[in-house]
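Asks: What follows is entry30.cif; its format and atoms are mmCIF, C-alpha atoms.
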data_coords
loop_
_atom_site.label_atom_id
_atom_site.label_comp_id
_atom_site.auth_asym_id
_atom_site.auth_seq_id
_atom_site.Cartn_x
_atom_site.Cartn_y
_atom_site.Cartn_z
CA MET A 1411 51.41 -23.11 6.74
CA THR A 1412 48.28 -22.37 8.65
CA ARG A 1413 45.03 -21.10 7.27
CA SER A 1414 45.63 -17.90 9.23
CA ARG A 1415 48.08 -16.85 6.50
CA VAL A 1416 45.44 -17.18 3.77
CA TYR A 1417 43.39 -14.07 2.95
CA ILE A 1418 40.38 -13.68 0.68
CA ALA A 1419 39.66 -10.44 -1.14
CA LEU A 1420 36.45 -9.31 -2.75
CA VAL A 1421 37.56 -6.98 -5.53
CA HIS A 1422 35.24 -4.17 -6.68
CA HIS A 1423 37.91 -2.67 -8.95
CA PRO A 1424 39.34 -3.54 -11.42
CA VAL A 1425 36.43 -5.70 -12.59
CA LEU A 1426 34.42 -6.01 -15.79
CA ASP A 1427 30.88 -5.08 -16.69
CA ARG A 1428 28.79 -7.21 -19.06
CA ALA A 1429 30.28 -5.43 -22.11
CA GLY A 1430 33.85 -6.14 -20.98
CA ASN A 1431 34.63 -2.60 -19.81
CA VAL A 1432 36.74 -2.08 -16.69
CA VAL A 1433 34.51 -0.64 -13.97
CA THR A 1434 34.09 -0.26 -10.23
CA THR A 1435 31.10 -2.10 -8.77
CA ALA A 1436 29.05 -1.15 -5.73
CA VAL A 1437 29.67 -2.79 -2.39
CA THR A 1438 26.74 -4.79 -1.04
CA ASN A 1439 25.91 -5.38 2.60
CA LEU A 1440 25.30 -9.09 1.99
CA ASP A 1441 28.80 -9.60 0.56
CA VAL A 1442 30.41 -7.95 3.59
CA HIS A 1443 28.60 -10.28 5.96
CA ASP A 1444 28.98 -13.47 3.91
CA PHE A 1445 32.68 -13.05 3.08
CA SER A 1446 33.40 -12.22 6.71
CA ARG A 1447 31.57 -15.39 7.75
CA LEU A 1448 33.60 -17.41 5.26
CA ALA A 1449 36.90 -16.03 6.56
CA ARG A 1450 35.89 -16.76 10.16
CA SER A 1451 34.39 -20.19 9.44
CA TYR A 1452 37.52 -21.41 7.67
CA GLY A 1453 39.94 -19.76 10.13
CA LEU A 1454 41.54 -17.53 7.50
CA GLY A 1455 43.80 -14.54 8.12
CA GLY A 1456 41.09 -12.18 7.02
CA PHE A 1457 38.65 -10.87 4.47
CA LEU A 1458 39.82 -7.84 2.49
CA LEU A 1459 37.13 -5.78 0.81
CA ILE A 1460 38.67 -3.76 -2.03
CA THR A 1461 37.08 -0.62 -3.44
CA PRO A 1462 38.75 2.61 -4.55
CA ILE A 1463 35.63 4.66 -3.77
CA LEU A 1464 36.13 6.47 -0.47
CA ALA A 1465 32.38 6.88 0.17
CA GLN A 1466 31.90 3.11 -0.13
CA ARG A 1467 34.83 2.39 2.20
CA GLU A 1468 33.36 4.82 4.75
CA LEU A 1469 29.94 3.19 4.43
CA VAL A 1470 31.42 -0.27 5.10
CA GLU A 1471 33.40 1.08 8.07
CA HIS A 1472 30.12 2.49 9.46
CA LEU A 1473 28.45 -0.90 9.01
CA LEU A 1474 31.39 -2.65 10.69
CA THR A 1475 31.24 -0.28 13.66
CA HIS A 1476 27.54 -1.08 14.13
CA TRP A 1477 28.19 -4.83 14.18
CA ARG A 1478 31.48 -4.78 16.08
CA HIS A 1479 30.70 -2.18 18.77
CA GLY A 1480 27.09 -1.08 18.46
CA ARG A 1481 23.65 -2.52 18.82
CA GLY A 1482 24.39 -5.18 16.21
CA LYS A 1483 27.03 -6.71 18.47
CA ASP A 1484 24.56 -6.87 21.36
CA ARG A 1485 21.88 -8.42 19.16
CA VAL A 1486 24.00 -10.98 17.24
CA PRO A 1487 27.38 -11.49 18.95
CA LYS A 1488 28.51 -14.23 16.55
CA ARG A 1489 28.15 -11.83 13.63
CA ALA A 1490 30.44 -9.38 15.40
CA VAL A 1491 33.07 -12.11 15.69
CA ALA A 1492 32.91 -12.76 11.94
CA LEU A 1493 32.97 -9.09 10.99
CA TRP A 1494 36.24 -8.59 12.86
CA THR A 1495 37.87 -10.47 9.96
CA CYS A 1496 36.96 -7.67 7.51
CA THR A 1497 39.42 -4.96 6.49
CA VAL A 1498 38.44 -2.33 3.93
CA LEU A 1499 41.13 -1.28 1.46
CA GLY A 1500 41.42 0.83 -1.69
CA SER A 1501 43.32 -1.48 -4.06
CA ILE A 1502 44.90 -4.87 -4.63
CA GLN A 1503 48.26 -3.21 -3.92
CA ASP A 1504 46.91 -2.03 -0.54
CA ALA A 1505 45.87 -5.64 0.16
CA GLN A 1506 49.39 -6.86 -0.64
CA ALA A 1507 50.85 -4.24 1.72
CA HIS A 1508 48.35 -5.16 4.46
CA ILE A 1509 49.36 -8.83 4.26
CA ARG A 1510 53.05 -7.96 4.11
CA ARG A 1511 52.68 -6.03 7.38
CA ALA A 1512 50.57 -8.76 9.04
CA CYS A 1513 52.66 -11.74 7.93
CA GLY A 1514 56.14 -10.34 7.42
CA GLY A 1515 56.28 -11.23 3.75
CA ALA A 1516 54.64 -10.60 0.40
CA PRO A 1517 51.74 -12.90 -0.48
CA ARG A 1518 51.48 -15.05 -3.55
CA ILE A 1519 48.29 -14.07 -5.34
CA TRP A 1520 45.73 -16.41 -6.84
CA ALA A 1521 42.95 -14.99 -9.00
CA THR A 1522 39.62 -16.70 -9.62
CA GLY A 1523 37.26 -16.65 -12.57
CA ALA A 1524 34.39 -18.53 -14.15
CA ARG A 1525 36.27 -19.00 -17.45
CA ARG A 1526 39.63 -20.64 -18.11
CA ARG A 1527 42.30 -18.14 -19.12
CA GLU A 1528 44.69 -19.62 -21.66
CA CYS A 1529 47.57 -17.28 -20.84
CA ALA A 1530 47.52 -17.92 -17.10
CA ARG A 1531 49.08 -20.61 -14.94
CA ILE A 1532 46.03 -22.61 -13.85
CA ILE A 1533 46.21 -24.37 -10.50
CA ASP A 1534 43.62 -27.01 -9.62
CA TYR A 1535 42.21 -27.31 -6.13
CA ALA A 1536 44.17 -30.39 -5.10
CA GLU A 1537 47.44 -28.71 -6.09
CA ALA A 1538 46.36 -25.44 -4.45
CA GLY A 1539 45.46 -27.13 -1.17
CA GLU A 1540 48.82 -28.88 -1.11
CA ALA A 1541 50.62 -25.62 -1.93
CA ILE A 1542 48.88 -23.89 0.99
CA ARG A 1543 49.81 -26.66 3.42
CA GLU A 1544 53.47 -26.57 2.35
CA ALA A 1545 53.88 -22.81 1.88
CA VAL A 1546 55.95 -20.43 3.89
CA GLU A 1547 54.57 -17.29 2.24
CA PRO A 1548 51.01 -16.02 2.79
CA THR A 1549 48.35 -16.43 0.11
CA LEU A 1550 45.84 -13.87 -1.19
CA ILE A 1551 42.86 -15.20 -3.18
CA LEU A 1552 41.07 -12.62 -5.35
CA TYR A 1553 37.35 -12.90 -6.14
CA GLY A 1554 35.86 -10.45 -8.64
CA THR A 1555 32.49 -8.76 -8.53
CA GLY A 1556 30.53 -7.66 -11.61
CA HIS A 1557 31.46 -9.92 -14.50
CA GLY A 1558 34.77 -10.94 -13.02
CA LEU A 1559 38.26 -9.63 -12.52
CA ALA A 1560 39.81 -7.39 -15.17
CA ASP A 1561 43.04 -8.35 -16.94
CA THR A 1562 45.11 -6.12 -14.65
CA ALA A 1563 44.06 -8.23 -11.65
CA PHE A 1564 45.20 -11.38 -13.45
CA GLU A 1565 48.47 -9.69 -14.42
CA VAL A 1566 49.44 -9.23 -10.75
CA SER A 1567 48.44 -12.81 -9.91
CA ASP A 1568 50.88 -15.69 -9.69
CA SER A 1569 48.27 -18.30 -10.63
CA VAL A 1570 44.58 -18.69 -11.37
CA LEU A 1571 42.44 -21.23 -9.51
CA ALA A 1572 40.67 -23.55 -11.93
CA PRO A 1573 37.09 -22.55 -12.76
CA LEU A 1574 34.52 -24.32 -10.58
CA ARG A 1575 32.09 -25.33 -13.35
CA GLU A 1576 34.29 -25.02 -16.40
CA HIS A 1577 32.36 -27.40 -18.66
CA SER A 1578 28.86 -26.44 -17.58
CA ASP A 1579 26.45 -24.89 -20.07
CA TYR A 1580 25.48 -22.43 -17.30
CA ASN A 1581 28.46 -21.00 -15.46
CA HIS A 1582 27.27 -17.95 -13.56
CA LEU A 1583 27.42 -18.51 -9.80
CA SER A 1584 27.18 -15.56 -7.44
CA VAL A 1585 30.57 -14.52 -6.11
CA ARG A 1586 29.49 -15.49 -2.57
CA THR A 1587 28.57 -18.98 -3.71
CA ALA A 1588 31.73 -19.40 -5.78
CA ALA A 1589 33.90 -18.28 -2.85
CA ALA A 1590 32.18 -20.73 -0.50
CA ILE A 1591 32.64 -23.63 -2.91
CA SER A 1592 36.27 -22.80 -3.64
CA LEU A 1593 37.16 -22.45 0.06
CA ASP A 1594 35.45 -25.73 0.82
CA ARG A 1595 37.46 -27.41 -1.95
CA LEU A 1596 40.62 -26.00 -0.41
CA PHE A 1597 39.85 -26.53 3.29
CA GLY A 1598 36.72 -28.65 3.65
CA GLU A 1599 36.71 -31.83 5.63
CA SER A 1600 36.65 -34.97 3.52
#
Let me see the structure of the file written as structure tokens.

Replies:
Amino acid sequence: MTRSRVYIALVHHPVLDRAGNVVTTAVTNLDVHDFSRLARSYGLGGFLLITPILAQRELVEHLLTHWRHGRGKDRVPKRAVALWTCTVLGSIQDAQAHIRRACGGAPRIWATGARRRECARIIDYAEAGEAIREAVEPTLILYGTGHGLADTAFEVSDSVLAPLREHSDYNHLSVRTAAAISLDRLFGES
């Protein structure tokens, strides 16, 4: 399978707040740019930004128009190329449907998190990289904002990628940093 059948999603709902409540987090401009750059740099099928809030989806679409067609494209053409990887959707189910249309089949879903989940099928990065190379079906990797993905996101996932710094006494990377490290573990040059 090629990397073009691997998609990354930044999930703004369902995610947790610091008290463990399921919430919807705000979209940030920096995440849109950095996740788009990751998708483009690693030759992935795309970056799917997931938020159920219509006003936030419209705001991101406005930002994308500026960088894809407007003055942003004229000023920084390489950023426009990266931002073409971004698709804004309302839910994880919408992301599944998007990939099904693009690839002709349902994706397997891998969730990510900073903590090991005992009830989940954990897949380490060596196994995950091999699975991607041998797969026929597309892959969707979910990254959670806030304090991580809510249980319902894990429930729709086939596996969970192993935590990056599982045994560290400080395990709180930004989602942009965690995504970059995990993608490099999957696709980086040795």

Asks: What separation in Å, quoted to one decimal, exists between atom CA of A:Arg1489 and atom CA of A:Leu1448?

Replies: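 It comes out at 11.4 Å.
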
Asks: Taking the file above as input, evaluate the PyMOL selection byres ((chain A and resi 1460) around 6) and report the hits as a ChimeraX atom specification.

Replies: /A:1421-1422,1459,1461,1499-1501

Asks: Against stretch 1546-1569 of chain A, which residues of stretch 1476-1542 of chain A fall within 12 Å? For each one I want the closest pair of atoms and the distance in Å (one decimal), counting only C-alpha atoms, rows by chain and increasing residue number, as CSV.

Replies:
residue,atom,partner,partner_atom,distance
A:Ser1501,CA,A:Ala1563,CA,10.2
A:Ile1502,CA,A:Ala1563,CA,7.8
A:Gln1503,CA,A:Val1566,CA,9.2
A:Asp1504,CA,A:Leu1550,CA,11.9
A:Ala1505,CA,A:Leu1550,CA,8.3
A:Gln1506,CA,A:Leu1550,CA,7.9
A:Ala1507,CA,A:Leu1550,CA,11.2
A:His1508,CA,A:Leu1550,CA,10.7
A:Ile1509,CA,A:Pro1548,CA,7.5
A:Arg1510,CA,A:Pro1548,CA,8.4
A:Arg1511,CA,A:Pro1548,CA,11.1
A:Ala1512,CA,A:Pro1548,CA,9.6
A:Cys1513,CA,A:Pro1548,CA,6.9
A:Gly1514,CA,A:Glu1547,CA,8.8
A:Gly1515,CA,A:Glu1547,CA,6.5
A:Ala1516,CA,A:Glu1547,CA,6.9
A:Pro1517,CA,A:Pro1548,CA,4.6
A:Arg1518,CA,A:Thr1549,CA,5.0
A:Ile1519,CA,A:Ser1567,CA,4.7
A:Trp1520,CA,A:Ile1551,CA,4.8
A:Ala1521,CA,A:Leu1552,CA,4.7
A:Thr1522,CA,A:Tyr1553,CA,5.6
A:Gly1523,CA,A:Gly1558,CA,6.2
A:Ala1524,CA,A:Gly1558,CA,7.7
A:Arg1525,CA,A:Gly1558,CA,9.3
A:Arg1526,CA,A:Ser1569,CA,11.7
A:Arg1527,CA,A:Phe1564,CA,9.3
A:Glu1528,CA,A:Phe1564,CA,11.6
A:Cys1529,CA,A:Phe1564,CA,9.7
A:Ala1530,CA,A:Ser1569,CA,6.5
A:Arg1531,CA,A:Ser1569,CA,5.0
A:Ile1532,CA,A:Ser1569,CA,5.8
A:Ile1533,CA,A:Ser1569,CA,6.4
A:Asp1534,CA,A:Ser1569,CA,9.9
A:Tyr1535,CA,A:Ser1569,CA,11.8
A:Glu1537,CA,A:Ser1569,CA,11.4
A:Ala1538,CA,A:Ser1569,CA,9.6
A:Gly1539,CA,A:Thr1549,CA,11.2
A:Ala1541,CA,A:Val1546,CA,9.4
A:Ile1542,CA,A:Thr1549,CA,7.5

Asks: Decode the PyMOL selection byres ((chain A and resi 1416) around 7) for the given file into explicit residues and return them as an MDAnalysis selection string.

Replies: chainID A and resid 1413:1415 1417:1418 1454:1455 1548:1550

Asks: One decimal, in Å: what's the spacing between atom CA of A:Ile1463 and atom CA of A:Asp1441?

Replies: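 Between atom CA of A:Ile1463 and atom CA of A:Asp1441 the gap is 16.4 Å.
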
Asks: Taking into account only C-alpha atoms, which residue in the set A:Ser1584, A:Val1470, A:Ala1590, A:Asp1579 is nearest to A:Ala1436?

Replies: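 Of A:Ser1584, A:Val1470, A:Ala1590, A:Asp1579, the one nearest A:Ala1436, counting only C-alpha atoms, is A:Val1470.
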
Asks: Rank A:Asp1484, A:Arg1543, A:Leu1426, A:Ala1492 by their smallest atom-to-atom distance to A:Gly1453, using all atoms listed in the file, and report the top residue only.

Replies: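 Of A:Asp1484, A:Arg1543, A:Leu1426, A:Ala1492, the one nearest A:Gly1453 is A:Ala1492, counting all atoms listed in the file.
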
Asks: Residues at most 10 Å from A:Ser1446, counting only C-alpha atoms, excluding those fewer than 2 positions away in the same chain, as a list in words?

Replies: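 That gives Ile1418, Leu1440, Asp1441, Val1442, His1443, Asp1444, Leu1448, Ala1449, Arg1450, Ser1451, Leu1454, Gly1456, Phe1457, Leu1458, Leu1459, Arg1489, Ala1490, Val1491, Ala1492, Leu1493, Trp1494, Thr1495, Cys1496 and Thr1497 of chain A.
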
Asks: Separation of atom CA of A:Ser1592 and atom CA of A:His1472, in Å?

Replies: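 Taking atom CA of A:Ser1592 as the start and atom CA of A:His1472 as the end point, the length is 29.1 Å.
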
Asks: Selection in question (the file shown): the PyMOL selection byres ((chain A and resi 1574) around 8). Which residues does it include, as a list in words?

Replies: Ala1524, Ala1572, Pro1573, Arg1575, Glu1576, Ala1588, Ile1591 and Ser1592 of chain A

Asks: Once you have the residues from the selection above, write them out as a short mmCIF file (atom, residue, chain, number, x, y, z; two decimals), keeping the file's coordinate frame, restricted to C-alpha atoms.

Replies:
data_model
loop_
_atom_site.label_atom_id
_atom_site.label_comp_id
_atom_site.auth_asym_id
_atom_site.auth_seq_id
_atom_site.Cartn_x
_atom_site.Cartn_y
_atom_site.Cartn_z
CA ALA A 1524 34.39 -18.53 -14.15
CA ALA A 1572 40.67 -23.55 -11.93
CA PRO A 1573 37.09 -22.55 -12.76
CA ARG A 1575 32.09 -25.33 -13.35
CA GLU A 1576 34.29 -25.02 -16.40
CA ALA A 1588 31.73 -19.40 -5.78
CA ILE A 1591 32.64 -23.63 -2.91
CA SER A 1592 36.27 -22.80 -3.64
#

Asks: Working from the structure I just supplied, which lacks atoms in stretch 1472-1483 of chain A, can you model all heavy atoms there and output them as a PDB file, in the coordinates of the input?

Replies:
ATOM      1  N   HIS A1472      31.280   2.172   8.616  1.00  0.00           N
ATOM      2  CA  HIS A1472      30.120   2.490   9.460  1.00  0.00           C
ATOM      3  C   HIS A1472      29.351   1.206   9.805  1.00  0.00           C
ATOM      4  O   HIS A1472      28.983   0.974  10.960  1.00  0.00           O
ATOM      5  CB  HIS A1472      29.218   3.509   8.753  1.00  0.00           C
ATOM      6  CG  HIS A1472      28.017   3.890   9.533  1.00  0.00           C
ATOM      7  ND1 HIS A1472      28.064   4.728  10.628  1.00  0.00           N
ATOM      8  CD2 HIS A1472      26.724   3.523   9.393  1.00  0.00           C
ATOM      9  CE1 HIS A1472      26.851   4.866  11.124  1.00  0.00           C
ATOM     10  NE2 HIS A1472      26.020   4.144  10.393  1.00  0.00           N
ATOM     11  N   LEU A1473      29.133   0.374   8.800  1.00  0.00           N
ATOM     12  CA  LEU A1473      28.450  -0.900   9.010  1.00  0.00           C
ATOM     13  C   LEU A1473      29.237  -1.777   9.984  1.00  0.00           C
ATOM     14  O   LEU A1473      28.669  -2.372  10.904  1.00  0.00           O
ATOM     15  CB  LEU A1473      28.304  -1.628   7.657  1.00  0.00           C
ATOM     16  CG  LEU A1473      27.778  -3.038   7.722  1.00  0.00           C
ATOM     17  CD1 LEU A1473      26.418  -3.090   7.066  1.00  0.00           C
ATOM     18  CD2 LEU A1473      28.724  -3.992   7.040  1.00  0.00           C
ATOM     19  N   LEU A1474      30.560  -1.834   9.812  1.00  0.00           N
ATOM     20  CA  LEU A1474      31.390  -2.650  10.690  1.00  0.00           C
ATOM     21  C   LEU A1474      31.336  -2.151  12.135  1.00  0.00           C
ATOM     22  O   LEU A1474      31.296  -2.945  13.075  1.00  0.00           O
ATOM     23  CB  LEU A1474      32.842  -2.674  10.189  1.00  0.00           C
ATOM     24  CG  LEU A1474      33.070  -3.401   8.861  1.00  0.00           C
ATOM     25  CD1 LEU A1474      34.512  -3.206   8.391  1.00  0.00           C
ATOM     26  CD2 LEU A1474      32.721  -4.870   8.961  1.00  0.00           C
ATOM     27  N   THR A1475      31.333  -0.850  12.304  1.00  0.00           N
ATOM     28  CA  THR A1475      31.240  -0.280  13.660  1.00  0.00           C
ATOM     29  C   THR A1475      29.935  -0.699  14.324  1.00  0.00           C
ATOM     30  O   THR A1475      29.917  -1.076  15.501  1.00  0.00           O
ATOM     31  CB  THR A1475      31.347   1.266  13.611  1.00  0.00           C
ATOM     32  OG1 THR A1475      32.640   1.597  13.075  1.00  0.00           O
ATOM     33  CG2 THR A1475      31.185   1.881  14.984  1.00  0.00           C
ATOM     34  N   HIS A1476      28.844  -0.666  13.583  1.00  0.00           N
ATOM     35  CA  HIS A1476      27.540  -1.080  14.130  1.00  0.00           C
ATOM     36  C   HIS A1476      27.594  -2.524  14.636  1.00  0.00           C
ATOM     37  O   HIS A1476      27.118  -2.826  15.731  1.00  0.00           O
ATOM     38  CB  HIS A1476      26.454  -0.934  13.067  1.00  0.00           C
ATOM     39  CG  HIS A1476      25.152  -1.575  13.447  1.00  0.00           C
ATOM     40  ND1 HIS A1476      24.282  -0.997  14.347  1.00  0.00           N
ATOM     41  CD2 HIS A1476      24.593  -2.756  13.069  1.00  0.00           C
ATOM     42  CE1 HIS A1476      23.234  -1.801  14.504  1.00  0.00           C
ATOM     43  NE2 HIS A1476      23.391  -2.854  13.741  1.00  0.00           N
ATOM     44  N   TRP A1477      28.181  -3.418  13.824  1.00  0.00           N
ATOM     45  CA  TRP A1477      28.190  -4.830  14.180  1.00  0.00           C
ATOM     46  C   TRP A1477      29.299  -5.205  15.156  1.00  0.00           C
ATOM     47  O   TRP A1477      29.179  -6.178  15.893  1.00  0.00           O
ATOM     48  CB  TRP A1477      28.288  -5.695  12.922  1.00  0.00           C
ATOM     49  CG  TRP A1477      26.997  -5.700  12.187  1.00  0.00           C
ATOM     50  CD1 TRP A1477      26.683  -4.981  11.071  1.00  0.00           C
ATOM     51  CD2 TRP A1477      25.823  -6.425  12.521  1.00  0.00           C
ATOM     52  NE1 TRP A1477      25.384  -5.222  10.694  1.00  0.00           N
ATOM     53  CE2 TRP A1477      24.831  -6.114  11.574  1.00  0.00           C
ATOM     54  CE3 TRP A1477      25.506  -7.323  13.542  1.00  0.00           C
ATOM     55  CZ2 TRP A1477      23.558  -6.668  11.610  1.00  0.00           C
ATOM     56  CZ3 TRP A1477      24.238  -7.876  13.567  1.00  0.00           C
ATOM     57  CH2 TRP A1477      23.279  -7.543  12.608  1.00  0.00           C
ATOM     58  N   ARG A1478      30.368  -4.451  15.176  1.00  0.00           N
ATOM     59  CA  ARG A1478      31.480  -4.780  16.080  1.00  0.00           C
ATOM     60  C   ARG A1478      31.325  -4.137  17.462  1.00  0.00           C
ATOM     61  O   ARG A1478      31.764  -4.720  18.460  1.00  0.00           O
ATOM     62  CB  ARG A1478      32.802  -4.287  15.479  1.00  0.00           C
ATOM     63  CG  ARG A1478      33.251  -5.050  14.273  1.00  0.00           C
ATOM     64  CD  ARG A1478      34.468  -4.370  13.688  1.00  0.00           C
ATOM     65  NE  ARG A1478      35.025  -5.081  12.551  1.00  0.00           N
ATOM     66  CZ  ARG A1478      35.955  -4.569  11.766  1.00  0.00           C
ATOM     67  NH1 ARG A1478      36.444  -3.359  11.997  1.00  0.00           N
ATOM     68  NH2 ARG A1478      36.411  -5.273  10.749  1.00  0.00           N
ATOM     69  N   HIS A1479      30.757  -2.940  17.512  1.00  0.00           N
ATOM     70  CA  HIS A1479      30.700  -2.180  18.770  1.00  0.00           C
ATOM     71  C   HIS A1479      29.297  -1.739  19.160  1.00  0.00           C
ATOM     72  O   HIS A1479      29.064  -1.413  20.314  1.00  0.00           O
ATOM     73  CB  HIS A1479      31.570  -0.913  18.658  1.00  0.00           C
ATOM     74  CG  HIS A1479      32.980  -1.173  18.253  1.00  0.00           C
ATOM     75  ND1 HIS A1479      33.903  -1.745  19.090  1.00  0.00           N
ATOM     76  CD2 HIS A1479      33.607  -0.959  17.076  1.00  0.00           C
ATOM     77  CE1 HIS A1479      35.061  -1.850  18.456  1.00  0.00           C
ATOM     78  NE2 HIS A1479      34.908  -1.395  17.229  1.00  0.00           N
ATOM     79  N   GLY A1480      28.405  -1.659  18.204  1.00  0.00           N
ATOM     80  CA  GLY A1480      27.090  -1.080  18.460  1.00  0.00           C
ATOM     81  C   GLY A1480      26.025  -2.087  18.810  1.00  0.00           C
ATOM     82  O   GLY A1480      26.286  -3.176  19.325  1.00  0.00           O
ATOM     83  N   ARG A1481      24.804  -1.701  18.481  1.00  0.00           N
ATOM     84  CA  ARG A1481      23.650  -2.520  18.820  1.00  0.00           C
ATOM     85  C   ARG A1481      23.669  -3.873  18.107  1.00  0.00           C
ATOM     86  O   ARG A1481      23.145  -4.858  18.616  1.00  0.00           O
ATOM     87  CB  ARG A1481      22.374  -1.756  18.506  1.00  0.00           C
ATOM     88  CG  ARG A1481      22.232  -0.533  19.424  1.00  0.00           C
ATOM     89  CD  ARG A1481      21.016   0.266  19.116  1.00  0.00           C
ATOM     90  NE  ARG A1481      19.833  -0.509  19.475  1.00  0.00           N
ATOM     91  CZ  ARG A1481      18.610  -0.179  19.123  1.00  0.00           C
ATOM     92  NH1 ARG A1481      18.391   0.909  18.418  1.00  0.00           N
ATOM     93  NH2 ARG A1481      17.593  -0.920  19.488  1.00  0.00           N
ATOM     94  N   GLY A1482      24.292  -3.910  16.935  1.00  0.00           N
ATOM     95  CA  GLY A1482      24.390  -5.180  16.210  1.00  0.00           C
ATOM     96  C   GLY A1482      25.157  -6.219  17.003  1.00  0.00           C
ATOM     97  O   GLY A1482      24.785  -7.395  17.027  1.00  0.00           O
ATOM     98  N   LYS A1483      26.224  -5.791  17.658  1.00  0.00           N
ATOM     99  CA  LYS A1483      27.030  -6.710  18.470  1.00  0.00           C
ATOM    100  C   LYS A1483      26.199  -7.274  19.622  1.00  0.00           C
ATOM    101  O   LYS A1483      26.282  -8.455  19.949  1.00  0.00           O
ATOM    102  CB  LYS A1483      28.258  -6.007  19.024  1.00  0.00           C
ATOM    103  CG  LYS A1483      29.093  -6.896  19.903  1.00  0.00           C
ATOM    104  CD  LYS A1483      30.265  -6.140  20.499  1.00  0.00           C
ATOM    105  CE  LYS A1483      31.029  -7.066  21.432  1.00  0.00           C
ATOM    106  NZ  LYS A1483      32.011  -6.372  22.206  1.00  0.00           N
TER     107      LYS A1483
END
